[in-house]
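Novice: For reference, the file coords.cif (mmCIF, C-alpha atoms) is included below:
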data_my_file
loop_
_atom_site.label_atom_id
_atom_site.label_comp_id
_atom_site.auth_asym_id
_atom_site.auth_seq_id
_atom_site.Cartn_x
_atom_site.Cartn_y
_atom_site.Cartn_z
CA MET A 1 -38.93 -10.18 -91.31
CA VAL A 2 -38.12 -9.16 -87.77
CA SER A 3 -34.67 -10.69 -87.99
CA GLY A 4 -34.06 -8.86 -91.24
CA GLN A 5 -35.19 -5.62 -89.67
CA ALA A 6 -32.96 -6.28 -86.65
CA ARG A 7 -30.11 -7.16 -88.95
CA ASP A 8 -30.61 -3.90 -90.85
CA ASP A 9 -30.73 -1.95 -87.58
CA GLY A 10 -27.58 -3.70 -86.43
CA ILE A 11 -25.82 -2.82 -89.63
CA ARG A 12 -26.95 0.77 -89.30
CA ASP A 13 -25.88 0.88 -85.65
CA ASP A 14 -22.46 -0.49 -86.62
CA GLU A 15 -22.17 2.12 -89.32
CA ALA A 16 -23.11 4.83 -86.86
CA ARG A 17 -20.55 3.55 -84.39
CA ASP A 18 -17.90 3.55 -87.13
CA GLY A 19 -18.57 7.21 -87.79
CA GLU A 20 -20.78 6.80 -90.86
CA PRO A 21 -24.25 8.42 -90.88
CA ARG A 22 -27.41 6.39 -91.19
CA ASP A 23 -29.36 6.19 -94.39
CA GLY A 24 -30.87 9.47 -95.39
CA GLU A 25 -28.60 11.59 -93.17
CA PRO A 26 -26.02 13.96 -94.63
CA ARG A 27 -22.33 13.08 -94.62
CA TYR A 28 -19.80 15.47 -93.06
CA GLU A 29 -16.02 15.68 -92.96
CA ARG A 30 -14.21 15.22 -89.67
CA ILE A 31 -11.29 17.43 -88.70
CA GLY A 32 -8.52 15.63 -86.83
CA ARG A 33 -6.34 17.21 -84.18
CA ASP A 34 -3.19 16.88 -86.35
CA VAL A 35 -4.68 18.70 -89.33
CA PHE A 36 -3.75 22.38 -89.40
CA ASP A 37 -5.86 23.35 -92.39
CA ASP A 38 -8.18 21.60 -94.79
CA GLY A 39 -5.66 21.81 -97.65
CA GLY A 40 -8.30 21.24 -100.30
CA PRO A 41 -9.31 17.75 -101.43
CA ALA A 42 -6.12 16.14 -100.14
CA GLY A 43 -6.47 17.68 -96.70
CA ALA A 44 -10.14 16.63 -96.48
CA ALA A 45 -9.25 13.09 -97.44
CA ARG A 46 -6.49 12.95 -94.81
CA ALA A 47 -8.88 14.36 -92.19
CA ASN A 48 -11.36 11.58 -92.95
CA GLY A 49 -8.60 8.98 -92.65
CA SER A 50 -9.18 7.66 -96.15
CA VAL A 51 -5.83 6.55 -97.56
CA ALA A 52 -7.14 5.81 -101.03
CA ALA A 53 -8.82 9.22 -101.28
CA ALA A 54 -5.68 10.89 -99.98
CA ARG A 55 -3.62 9.17 -102.67
CA SER A 56 -5.93 10.20 -105.47
CA ALA A 57 -6.31 13.78 -104.19
CA ALA A 58 -2.57 14.24 -103.64
CA GLY A 59 -1.72 13.09 -107.15
CA GLY A 60 -1.16 9.39 -106.64
CA SER A 61 1.11 9.42 -103.60
CA PRO A 62 2.21 5.81 -103.02
CA VAL A 63 2.54 6.16 -99.22
CA ALA A 64 0.01 7.53 -96.74
CA PRO A 65 1.28 10.36 -94.51
CA PRO A 66 2.45 9.14 -91.09
CA ARG A 67 0.76 10.42 -87.96
CA PRO A 68 2.78 12.24 -85.27
CA HIS A 69 1.04 10.42 -82.40
CA SER A 70 1.89 7.04 -83.95
CA LEU A 71 5.55 8.00 -84.33
CA ARG A 72 5.88 8.44 -80.60
CA ARG A 73 5.12 4.76 -80.22
CA ALA A 74 7.15 3.62 -83.23
CA GLY A 75 10.47 5.08 -82.01
CA PHE A 76 13.48 5.59 -84.28
CA GLY A 77 12.07 3.42 -87.09
CA GLY A 78 8.94 5.54 -87.28
CA LEU A 79 10.97 8.74 -87.36
CA ARG A 80 13.08 7.35 -90.17
CA ARG A 81 10.00 6.43 -92.20
CA ALA A 82 8.51 9.87 -91.57
CA ALA A 83 11.75 11.56 -92.66
CA ALA A 84 11.83 9.47 -95.83
CA TRP A 85 8.21 10.36 -96.59
CA VAL A 86 8.87 14.08 -96.03
CA GLY A 87 11.98 13.89 -98.22
CA ARG A 88 10.11 12.25 -101.10
CA LYS A 89 7.26 14.74 -100.96
CA ALA A 90 9.68 17.70 -100.76
CA TRP A 91 11.69 16.43 -103.72
CA ARG A 92 8.54 16.01 -105.84
CA GLU A 93 7.49 19.55 -104.99
CA ALA A 94 10.93 20.96 -105.79
CA ALA A 95 11.19 18.88 -108.98
CA SER A 96 7.91 20.31 -110.20
CA SER A 97 9.42 23.77 -109.76
CA PHE A 98 12.58 22.78 -111.61
CA ARG A 99 10.45 21.72 -114.58
CA SER A 100 8.75 25.10 -114.66
CA ALA A 101 10.08 27.88 -116.89
CA ARG A 102 8.59 30.41 -114.48
CA PHE A 103 10.93 29.23 -111.72
CA TRP A 104 14.06 29.71 -113.81
CA LEU A 105 12.86 33.08 -115.06
CA LEU A 106 12.44 34.12 -111.42
CA LEU A 107 15.98 33.02 -110.62
CA ALA A 108 17.31 34.83 -113.67
CA ALA A 109 15.49 38.00 -112.61
CA ALA A 110 16.97 37.66 -109.10
CA LEU A 111 20.50 37.28 -110.49
CA VAL A 112 20.08 40.22 -112.86
CA THR A 113 18.69 42.38 -110.06
CA ALA A 114 21.52 41.40 -107.72
CA SER A 115 24.15 42.08 -110.38
CA GLY A 116 22.58 45.39 -111.37
CA THR A 117 22.30 46.53 -107.77
CA THR A 118 25.94 45.61 -107.19
CA PHE A 119 27.07 47.60 -110.21
CA VAL A 120 24.97 50.67 -109.35
CA VAL A 121 26.07 50.77 -105.71
CA ALA A 122 29.71 50.15 -106.67
CA ALA A 123 29.66 52.92 -109.28
CA TRP A 124 27.88 55.34 -106.93
CA SER A 125 30.28 54.69 -104.04
CA GLY A 126 33.38 54.89 -106.23
CA ILE A 127 34.31 51.22 -105.86
CA PHE A 128 33.98 50.60 -109.58
CA ASP A 129 36.16 52.64 -111.91
CA TRP A 130 36.59 51.90 -115.58
CA ALA A 131 40.23 52.96 -115.45
CA ALA A 132 41.12 50.89 -112.36
CA PRO A 133 38.27 48.62 -111.23
CA ASN A 134 38.48 46.93 -107.87
CA PRO A 135 37.47 43.28 -108.20
CA LEU A 136 37.46 42.67 -104.44
CA GLY A 137 34.83 45.34 -103.85
CA MET A 138 32.67 44.00 -106.68
CA PHE A 139 33.12 40.46 -105.40
CA VAL A 140 32.02 41.04 -101.82
CA MET A 141 29.13 43.27 -102.88
CA ALA A 142 27.90 40.67 -105.36
CA GLY A 143 28.05 37.99 -102.66
CA ALA A 144 26.02 40.18 -100.29
CA ALA A 145 23.43 40.88 -103.01
CA LEU A 146 23.02 37.14 -103.66
CA VAL A 147 22.46 36.51 -99.95
CA VAL A 148 19.74 39.19 -99.93
CA SER A 149 18.14 37.52 -102.96
CA GLY A 150 18.04 34.25 -101.05
CA ALA A 151 16.19 35.93 -98.17
CA ILE A 152 13.57 37.51 -100.45
CA LEU A 153 13.00 34.40 -102.56
CA GLY A 154 12.87 32.23 -99.44
CA THR A 155 9.98 34.30 -98.09
CA ALA A 156 8.12 34.03 -101.39
CA TRP A 157 8.66 30.28 -101.68
CA GLY A 158 7.64 29.63 -98.10
CA PHE A 159 4.48 31.68 -98.46
CA SER A 160 3.50 30.24 -101.85
CA ARG A 161 1.57 27.22 -100.51
CA PRO A 162 -0.29 26.65 -97.23
CA ALA A 163 0.94 23.99 -94.84
CA ALA A 164 -1.83 21.35 -94.56
CA GLY A 165 -1.65 17.97 -92.89
CA PRO A 166 0.97 16.32 -90.68
CA PHE A 167 4.61 17.19 -91.45
CA ALA A 168 3.48 19.62 -94.17
CA LEU A 169 5.56 22.43 -92.69
CA GLN A 170 8.72 20.30 -92.73
CA GLN A 171 7.98 19.28 -96.29
CA ARG A 172 7.54 22.92 -97.31
CA LEU A 173 10.80 24.05 -95.73
CA LEU A 174 12.79 21.17 -97.24
CA ALA A 175 11.34 21.90 -100.68
CA CYS A 176 12.34 25.57 -100.30
CA LEU A 177 15.85 24.49 -99.31
CA LEU A 178 16.12 22.38 -102.48
CA GLN A 179 14.98 25.35 -104.53
CA GLY A 180 17.55 27.52 -102.77
CA MET A 181 20.28 25.15 -103.93
CA ALA A 182 19.53 26.16 -107.51
CA LEU A 183 19.98 29.84 -106.58
CA ALA A 184 23.21 29.04 -104.73
CA VAL A 185 24.66 27.18 -107.72
CA LEU A 186 23.84 30.01 -110.13
CA GLY A 187 25.25 32.56 -107.69
CA LEU A 188 28.42 30.50 -107.42
CA LEU A 189 28.82 30.73 -111.19
CA VAL A 190 28.44 34.52 -111.03
CA LEU A 191 31.17 34.82 -108.40
CA LEU A 192 33.47 32.51 -110.34
CA VAL A 193 33.06 34.72 -113.40
CA LEU A 194 33.97 37.79 -111.33
CA ARG A 195 37.02 36.00 -109.95
CA LEU A 196 38.24 34.96 -113.39
CA LEU A 197 37.58 38.22 -115.25
CA PRO A 198 40.82 39.82 -116.53
CA PHE A 199 40.61 43.18 -114.76
CA PRO A 200 43.23 45.71 -115.90
CA ALA A 201 46.12 46.31 -113.54
CA PRO A 202 45.70 49.46 -111.43
CA ASP A 203 48.06 52.38 -111.20
CA PRO A 204 50.78 51.37 -108.72
CA LEU A 205 50.94 54.95 -107.46
CA ALA A 206 47.25 54.99 -106.59
CA VAL A 207 47.05 51.82 -104.54
CA ASP A 208 49.20 49.77 -102.25
CA PRO A 209 51.55 47.74 -104.48
CA LEU A 210 51.63 44.95 -101.88
CA VAL A 211 47.92 44.25 -102.49
CA PRO A 212 47.28 44.61 -106.24
CA GLY A 213 43.73 45.59 -107.10
CA ASN A 214 43.34 43.05 -109.89
CA VAL A 215 43.95 40.05 -107.60
CA LEU A 216 41.54 38.78 -104.98
CA PRO A 217 43.48 38.42 -101.72
CA ALA A 218 41.26 35.53 -100.61
CA GLY A 219 40.70 31.92 -101.54
CA PRO A 220 37.49 30.11 -102.48
CA ALA A 221 36.18 30.47 -98.92
CA LEU A 222 34.21 33.56 -99.99
CA GLU A 223 32.28 31.54 -102.58
CA LEU A 224 31.58 28.77 -100.06
CA LEU A 225 30.46 31.36 -97.54
CA MET A 226 28.00 32.79 -100.07
CA VAL A 227 26.57 29.33 -100.81
CA GLY A 228 26.13 28.51 -97.14
CA LEU A 229 24.52 31.85 -96.31
CA VAL A 230 22.15 31.68 -99.29
CA LEU A 231 20.88 28.30 -98.13
CA PHE A 232 20.61 29.54 -94.54
CA GLU A 233 18.67 32.66 -95.52
CA VAL A 234 16.33 30.68 -97.78
CA LEU A 235 15.53 28.27 -94.96
CA VAL A 236 15.05 30.96 -92.29
CA PHE A 237 12.88 33.27 -94.37
CA ALA A 238 10.92 30.35 -95.85
CA ALA A 239 9.97 29.49 -92.27
CA ILE A 240 8.85 33.09 -91.77
CA GLY A 241 6.77 33.01 -94.97
CA ALA A 242 5.20 29.64 -94.14
CA GLY A 243 4.46 30.80 -90.60
CA PHE A 244 2.59 33.87 -91.75
CA ARG A 245 0.72 31.82 -94.35
CA THR A 246 -0.66 29.47 -91.68
CA MET A 247 -1.17 32.20 -89.09
CA PHE A 248 -4.15 33.82 -90.83
CA SER A 249 -7.07 32.38 -92.74
CA ARG A 250 -6.72 35.22 -95.25
CA ALA A 251 -3.54 35.07 -97.27
CA ARG A 252 -3.45 38.82 -97.94
CA ILE A 253 -2.88 39.72 -94.29
CA GLY A 254 -0.10 37.17 -93.97
CA ALA A 255 1.53 38.40 -97.19
CA VAL A 256 1.66 41.99 -95.91
CA LEU A 257 3.19 40.94 -92.59
CA ALA A 258 5.70 38.61 -94.25
CA GLY A 259 6.79 41.43 -96.54
CA LEU A 260 7.17 43.83 -93.61
CA VAL A 261 9.26 41.41 -91.56
CA THR A 262 11.50 40.55 -94.51
CA GLY A 263 11.87 44.21 -95.40
CA SER A 264 12.83 45.05 -91.83
CA PHE A 265 15.64 42.48 -91.96
CA VAL A 266 16.83 43.38 -95.45
CA LEU A 267 16.66 47.19 -95.26
CA GLY A 268 14.70 48.50 -92.29
CA ASN A 269 17.28 47.62 -89.64
CA LEU A 270 20.04 49.46 -91.50
CA VAL A 271 17.82 52.51 -91.87
CA ALA A 272 17.08 52.40 -88.14
CA VAL A 273 20.81 52.22 -87.33
CA ALA A 274 21.56 55.15 -89.65
CA LEU A 275 18.81 57.27 -88.11
CA LEU A 276 19.80 56.49 -84.52
CA MET A 277 23.56 56.81 -85.00
CA PRO A 278 23.71 60.66 -84.70
CA ALA A 279 22.11 60.40 -81.27
CA MET A 280 25.03 58.21 -80.14
CA LEU A 281 27.51 61.13 -80.22
CA VAL A 282 28.63 61.62 -76.63
CA THR A 283 31.37 63.76 -75.07
CA GLU A 284 33.59 61.63 -72.82
CA GLN A 285 36.52 62.46 -70.56
CA THR A 286 39.84 60.76 -71.32
CA SER A 287 43.21 60.38 -69.63
CA VAL A 288 46.72 60.00 -71.08
CA PRO A 289 47.54 56.62 -72.74
CA VAL A 290 50.96 55.00 -72.39
CA ASN A 291 52.58 51.76 -73.60
CA VAL A 292 50.41 51.88 -76.71
CA LYS A 293 50.37 48.99 -79.21
CA ARG A 294 48.62 49.11 -82.59
CA ASP A 295 47.65 46.52 -85.21
CA GLU A 296 48.25 46.61 -88.96
CA SER A 297 45.30 48.97 -89.48
CA GLN A 298 46.75 51.36 -86.86
CA ARG A 299 43.97 50.67 -84.40
CA TYR A 300 44.71 50.40 -80.71
CA VAL A 301 45.36 46.88 -79.47
CA SER A 302 46.48 47.58 -75.92
CA TYR A 303 47.29 50.61 -73.79
CA GLU A 304 47.57 51.78 -70.22
CA CYS A 305 46.19 54.96 -68.69
CA VAL A 306 47.92 57.35 -66.30
CA GLY A 307 46.82 60.50 -64.57
CA GLY A 308 43.40 62.01 -64.21
CA LEU A 309 40.74 62.88 -66.79
CA VAL A 310 42.39 65.82 -68.51
CA ARG A 311 40.72 65.94 -71.93
CA SER A 312 37.23 65.95 -73.47
CA GLN A 313 36.63 63.87 -76.57
CA THR A 314 33.52 63.37 -78.72
CA VAL A 315 32.98 59.68 -79.40
CA VAL A 316 30.35 57.58 -81.14
CA HIS A 317 28.88 54.71 -79.12
CA ALA A 318 27.88 52.65 -82.15
CA GLU A 319 27.62 49.51 -80.03
CA ARG A 320 24.37 50.81 -78.55
CA VAL A 321 22.48 50.60 -81.87
CA LEU A 322 24.60 48.42 -84.16
CA TRP A 323 23.06 45.22 -82.76
CA LEU A 324 19.79 46.28 -84.45
CA GLY A 325 21.39 45.70 -87.85
CA ALA A 326 23.15 42.45 -86.94
CA GLY A 327 20.41 40.40 -88.62
CA ASN A 328 20.82 42.16 -91.95
CA PRO A 329 21.97 39.63 -94.61
CA VAL A 330 24.52 42.10 -96.01
CA LEU A 331 26.17 42.75 -92.65
CA LEU A 332 26.02 39.06 -91.86
CA TYR A 333 27.95 38.22 -95.03
CA TRP A 334 30.47 41.01 -94.55
CA THR A 335 31.22 40.21 -90.91
CA LEU A 336 31.82 36.55 -91.77
CA ALA A 337 33.87 37.50 -94.85
CA ALA A 338 36.14 39.66 -92.68
CA GLU A 339 37.71 36.48 -91.32
CA GLU A 340 38.74 35.42 -94.83
CA LEU A 341 40.36 38.71 -95.90
CA PRO A 342 43.73 40.03 -94.76
CA PRO A 343 43.38 43.15 -92.57
CA GLY A 344 45.64 45.12 -94.91
CA SER A 345 43.51 44.52 -98.01
CA ASP A 346 41.29 47.15 -99.56
CA TYR A 347 38.14 46.10 -97.69
CA GLY A 348 39.45 43.84 -94.98
CA TRP A 349 39.85 46.74 -92.55
CA ILE A 350 36.29 47.92 -93.29
CA PHE A 351 34.78 44.55 -92.41
CA VAL A 352 36.92 44.29 -89.31
CA SER A 353 35.78 47.76 -88.24
CA ILE A 354 32.14 46.58 -88.32
CA GLN A 355 32.90 44.08 -85.59
CA ARG A 356 35.08 46.59 -83.76
CA SER A 357 32.20 49.07 -83.78
CA LEU A 358 30.25 46.62 -81.63
CA GLU A 359 33.05 46.86 -79.07
CA GLY A 360 32.58 50.60 -78.74
CA PRO A 361 34.95 53.53 -79.38
CA PHE A 362 37.56 52.27 -76.91
CA TYR A 363 39.84 50.91 -79.64
CA GLU A 364 39.76 54.16 -81.59
CA ILE A 365 40.05 56.60 -78.67
CA PRO A 366 42.03 55.21 -75.74
CA CYS A 367 41.57 55.80 -72.04
CA ILE A 368 37.91 56.85 -72.14
CA ASN A 369 36.98 57.57 -68.52
CA GLY A 370 40.47 56.35 -67.57
CA VAL A 371 39.74 52.70 -68.50
CA ALA A 372 42.75 50.71 -69.74
CA SER A 373 42.49 48.13 -72.51
CA GLU A 374 42.91 45.14 -70.19
CA GLU A 375 39.78 46.21 -68.31
CA LEU A 376 37.61 46.13 -71.45
CA GLN A 377 35.34 43.18 -72.12
CA PRO A 378 35.39 41.77 -75.68
CA ALA A 379 32.16 42.19 -77.57
CA PHE A 380 30.02 39.26 -78.65
CA PRO A 381 30.56 38.39 -82.35
CA LEU A 382 28.18 40.40 -84.51
CA SER A 383 27.57 37.44 -86.82
CA VAL A 384 26.40 35.28 -83.90
CA VAL A 385 24.01 38.03 -82.83
CA GLY A 386 22.60 38.26 -86.37
CA ILE A 387 22.15 34.50 -86.79
CA ALA A 388 20.49 34.19 -83.38
CA GLY A 389 18.15 37.09 -84.17
CA GLN A 390 17.04 35.57 -87.48
CA LEU A 391 16.49 32.14 -85.94
CA ALA A 392 14.50 33.64 -83.07
CA ALA A 393 12.26 35.57 -85.47
CA ALA A 394 11.68 32.49 -87.63
CA ALA A 395 10.88 30.32 -84.60
CA ALA A 396 8.46 32.90 -83.18
CA VAL A 397 6.56 33.38 -86.45
CA THR A 398 6.43 29.67 -87.28
CA GLY A 399 5.32 28.72 -83.76
CA ALA A 400 2.62 31.38 -83.75
CA GLY A 401 1.39 30.20 -87.15
CA VAL A 402 1.18 26.55 -86.07
CA LEU A 403 -0.68 27.47 -82.87
CA ALA A 404 -3.12 29.71 -84.74
CA ALA A 405 -3.83 26.99 -87.31
CA ARG A 406 -4.44 24.39 -84.60
CA ARG A 407 -6.75 26.78 -82.77
CA ARG A 408 -8.78 27.31 -85.95
CA ALA A 409 -8.97 23.53 -86.49
CA ARG A 410 -10.18 22.91 -82.92
CA ARG A 411 -12.74 25.69 -83.18
CA TYR A 412 -14.03 24.29 -86.45
CA SER A 413 -14.19 20.71 -85.12
CA SER A 414 -15.97 21.79 -81.91
CA SER A 415 -18.60 23.68 -83.90
CA ALA A 416 -19.12 20.82 -86.37
CA PRO A 417 -21.56 18.80 -84.14
CA ALA A 418 -23.76 21.85 -83.62
CA ARG A 419 -23.92 22.50 -87.33
CA SER A 420 -24.59 18.80 -87.96
CA GLY A 421 -27.51 18.78 -85.49
CA THR A 422 -29.01 21.89 -87.04
CA ARG A 423 -28.81 20.42 -90.53
CA ASN A 424 -30.39 17.15 -89.37
CA MET A 425 -33.31 19.05 -87.87
CA VAL A 426 -33.78 20.96 -91.09
CA THR A 427 -33.66 17.72 -93.09
CA LYS A 428 -36.24 16.05 -90.90
CA ALA A 429 -38.51 19.10 -91.05
CA ARG A 430 -38.36 19.01 -94.83
CA ARG A 431 -39.33 15.34 -94.81
#
Show me, as structure tokens, the structure contained in the file I just sent.
Specialist:
Amino acid sequence: MVSGQARDDGIRDDEARDGEPRDGEPRYERIGRDVFDDGGPAGAARANGSVAAARSAAGGSPVAPPRPHSLRRAGFGGLRRAAAWVGRKAWREAASSFRSARFWLLLAAALVTASGTTFVVAAWSGIFDWAAPNPLGMFVMAGAALVVSGAILGTAWGFSRPAAGPFALQQRLLACLLQGMALAVLGLLVLLVLRLLPFPAPDPLAVDPLVPGNVLPAGPALELLMVGLVLFEVLVFAAIGAGFRTMFSRARIGAVLAGLVTGSFVLGNLVAVALLMPAMLVTEQTSVPVNVKRDESQRYVSYECVGGLVRSQTVVHAERVLWLGAGNPVLLYWTLAAEELPPGSDYGWIFVSIQRSLEGPFYEIPCINGVASEELQPAFPLSVVGIAGQLAAAAAVTGAGVLAARRRARRYSSSAPARSGTRNMVTKARR
């Protein structure tokens, strides 16, 4: 009898040492240091370390999620297995979206909105004319609208589900990238239709006959640029959406902030540039330019300055505020498309002037303050500034979200023993 009692106590002590409560005591979930959020039944099962429960809660996953601390010991083989696991989970998540009619309706709505916005803006600005339409203007505006759609949908997809468990954030971003491929393919079809449409020939007296308006003076690089930028914007803004989702315990606060950040990149930065541009009008003193050379768009390429400052000229220092709009998806597409269009085309000179505006007014008005062209420093590419700004914003938001989620998990795990002791006292008092 004594040995049986000792054996029972030994079994109970072993169970207590293994983390299981004794008979009659309540059972609680443990929160591990690699778990960012509970994630529902699947996250609770992963936190308890139960592989079988994790499989059943996650919908029959055949492989248990790898642990980051174990990968550091496993080396390259462990990283490869973790990448394969993340890829399988991301594909299953994306495939479930592809089987949903709601997903394709959302893409159709995005394409219709992008096409409608392109038509309205083109008609309002005079680019589109029924008598002599300009396919190049429609083409580049449609590509920019598709890139904006990728940014907006990327934020929504990244915010749609919380990141729970190890490598959940990577899985979420990869799934969003796979979903963005569907948008890129449909957008590619739209641009191919615009390229192949039989636009009527324009009046040769109204346009430059060397660059006919019914022919796109660019190869398929514009379509490839649109596809690459759509995938890039989906990935960047999905990281922003996922970061705000994990940053706060309440999804509503994160949704508001994610919408504000996305809106500031899509529209707010251009509004800020337009409002600040009038304040950049400055009166400068200029000298006399000599040995002037111009490019095809009649802009100054090189010049020398002689004499003193003899004239006053009002100039616009757009370079002081234009960097604020560098992260806008529309400007990002246009500045990269400028390299694929000839400077003498209908819109090639406009896109080139966007980059030139970052260099200041020195190539429009020579000899400002008596400075020759060889003394000017070339400006940093506007597209590089925009890409770096978007990546920095995504990294900051995602990092802050991961840190906030880990802090919540540690606070919850540190307070779990106190709650457990209080509940045990209440249970014993009831007995």
Novice: Evaluate the PyMOL selection byres ((chain A and resi 365) around 10) against this structure - the residues, as a ChimeraX atom specification, please.
Specialist: /A:286,289,299-300,313-315,360-364,366-368
Novice: Using the chain letters and numbers from this file, what does the PyMOL selection byres ((chain A and resi 318) around 10) select? Give the answer as a compact mmCIF listing (two decimals) with C-alpha atoms, keeping the file's coordinate frame.
Specialist:
# COMPACT_ATOMS: atom_id res chain seq x y z
CA VAL A 273 20.81 52.22 -87.33
CA LEU A 276 19.80 56.49 -84.52
CA MET A 277 23.56 56.81 -85.00
CA PRO A 278 23.71 60.66 -84.70
CA ALA A 279 22.11 60.40 -81.27
CA MET A 280 25.03 58.21 -80.14
CA LEU A 281 27.51 61.13 -80.22
CA VAL A 315 32.98 59.68 -79.40
CA VAL A 316 30.35 57.58 -81.14
CA HIS A 317 28.88 54.71 -79.12
CA GLU A 319 27.62 49.51 -80.03
CA ARG A 320 24.37 50.81 -78.55
CA VAL A 321 22.48 50.60 -81.87
CA LEU A 322 24.60 48.42 -84.16
CA TRP A 323 23.06 45.22 -82.76
CA ILE A 354 32.14 46.58 -88.32
CA ARG A 356 35.08 46.59 -83.76
CA SER A 357 32.20 49.07 -83.78
CA LEU A 358 30.25 46.62 -81.63
CA GLU A 359 33.05 46.86 -79.07
CA GLY A 360 32.58 50.60 -78.74
CA PRO A 361 34.95 53.53 -79.38
Novice: Run the PyMOL selection byres ((chain A and resi 249-254) around 10) on the file and write out the hits as a PyMOL selection string.
Specialist: chain A and resi 37+159-162+241-248+255-260+401+404-405+408
Novice: Work out how far apart CA of Leu196 (chain A) and CA of Ala144 (chain A) are and give it in Å to one decimal.
Specialist: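 Distance reported for this atom pair: 18.7 Å.
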Novice: Neighbours of Ala396 (chain A) within 12 Å (all atoms listed in the file; same-chain residues fewer than 2 positions away dropped), as a list of chain:residue names?
Specialist: A:Val236, A:Ala239, A:Ile240, A:Gly241, A:Ala242, A:Gly243, A:Phe244, A:Met247, A:Val261, A:Gly389, A:Gln390, A:Leu391, A:Ala392, A:Ala393, A:Ala394, A:Thr398, A:Gly399, A:Ala400, A:Gly401, A:Val402, A:Leu403
Novice: Please provide as a list in words all residues within 12 Å of Val288 (chain A), with the sequence filter that same-chain residues fewer than 5 positions apart are discarded (counting all atoms listed in the file).
Specialist: Tyr303, Glu304, Cys305, Val306, Gly307, Gly308, Leu309, Val310, Arg311, Ser312, Ile365, Pro366, Cys367, Ile368, Asn369, Gly370, Val371 and Ala372 of chain A
Novice: With only C-alpha atoms as the basis for distance, which of A:Val397, A:Gln377, A:Val352, A:Leu146 is at the shortest distance from Ala238 (chain A)?
Specialist: A:Val397
Novice: CA of Pro378 (chain A) and CA of Leu229 (chain A) are how many Å apart?
Specialist: 25.3 Å
Novice: Between A:Leu235, A:Val185, A:Val140, A:Ala379, single out the one closest to Arg172 (chain A), counting only C-alpha atoms.
Specialist: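 Counting only C-alpha atoms, the residue closest to Arg172 (chain A) is A:Leu235.
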Novice: Separation of CA of Leu332 (chain A) and CA of Leu197 (chain A), in Å?
Specialist: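 The value is 26.1 Å.
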Novice: Write out as a PyMOL selection string each polymer residue whose atoms come within 12 Å of Ala184 (chain A), counting only C-alpha atoms; drop sequence neighbours fewer than 2 positions from it.
Specialist: chain A and resi 107+110-111+143+145-151+153+177-182+186-191+223-234
Novice: From the list A:Tyr412, A:Phe237, A:Tyr333, A:Phe380, which residue is nearest Ile152 (chain A) when using all atoms listed in the file?
Specialist: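 Going through A:Tyr412, A:Phe237, A:Tyr333, A:Phe380 one by one, the smallest distance to Ile152 (chain A) is for A:Phe237.
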Novice: From the options A:Gln170, A:Leu183, A:Ala338, A:Lys89, which residue's atoms come nearest to Phe103 (chain A), counting all atoms listed in the file?
Specialist: A:Leu183
Novice: Give, as AutoDock Vina command-line options, the centre coordinates and the x, y and z edge lengths in Å to one decimal for an axis-aligned box around all listed atoms of region 317-336 of chain A, padded by 4 Å on each side.
Specialist:
--center_x 25.8 --center_y 45.6 --center_z -87.3 --size_x 20.0 --size_y 26.2 --size_z 25.5
Novice: Go through A:Leu222, A:Leu341, A:Leu79, A:Ala326 one by one, measure the shortest atom-to-atom distance of each to Gly268 (chain A) using all atoms listed in the file, and give the residue with the smallest value.
Specialist: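 Under the stated criterion, the closest residue is A:Ala326.
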Novice: Would you mind listing what lies within 8 Å of Gln171 (chain A) as a ChimeraX atom specification, with all atoms listed in the file counted and same-chain residues fewer than 5 positions away left out?
Specialist: /A:86-87,89-90
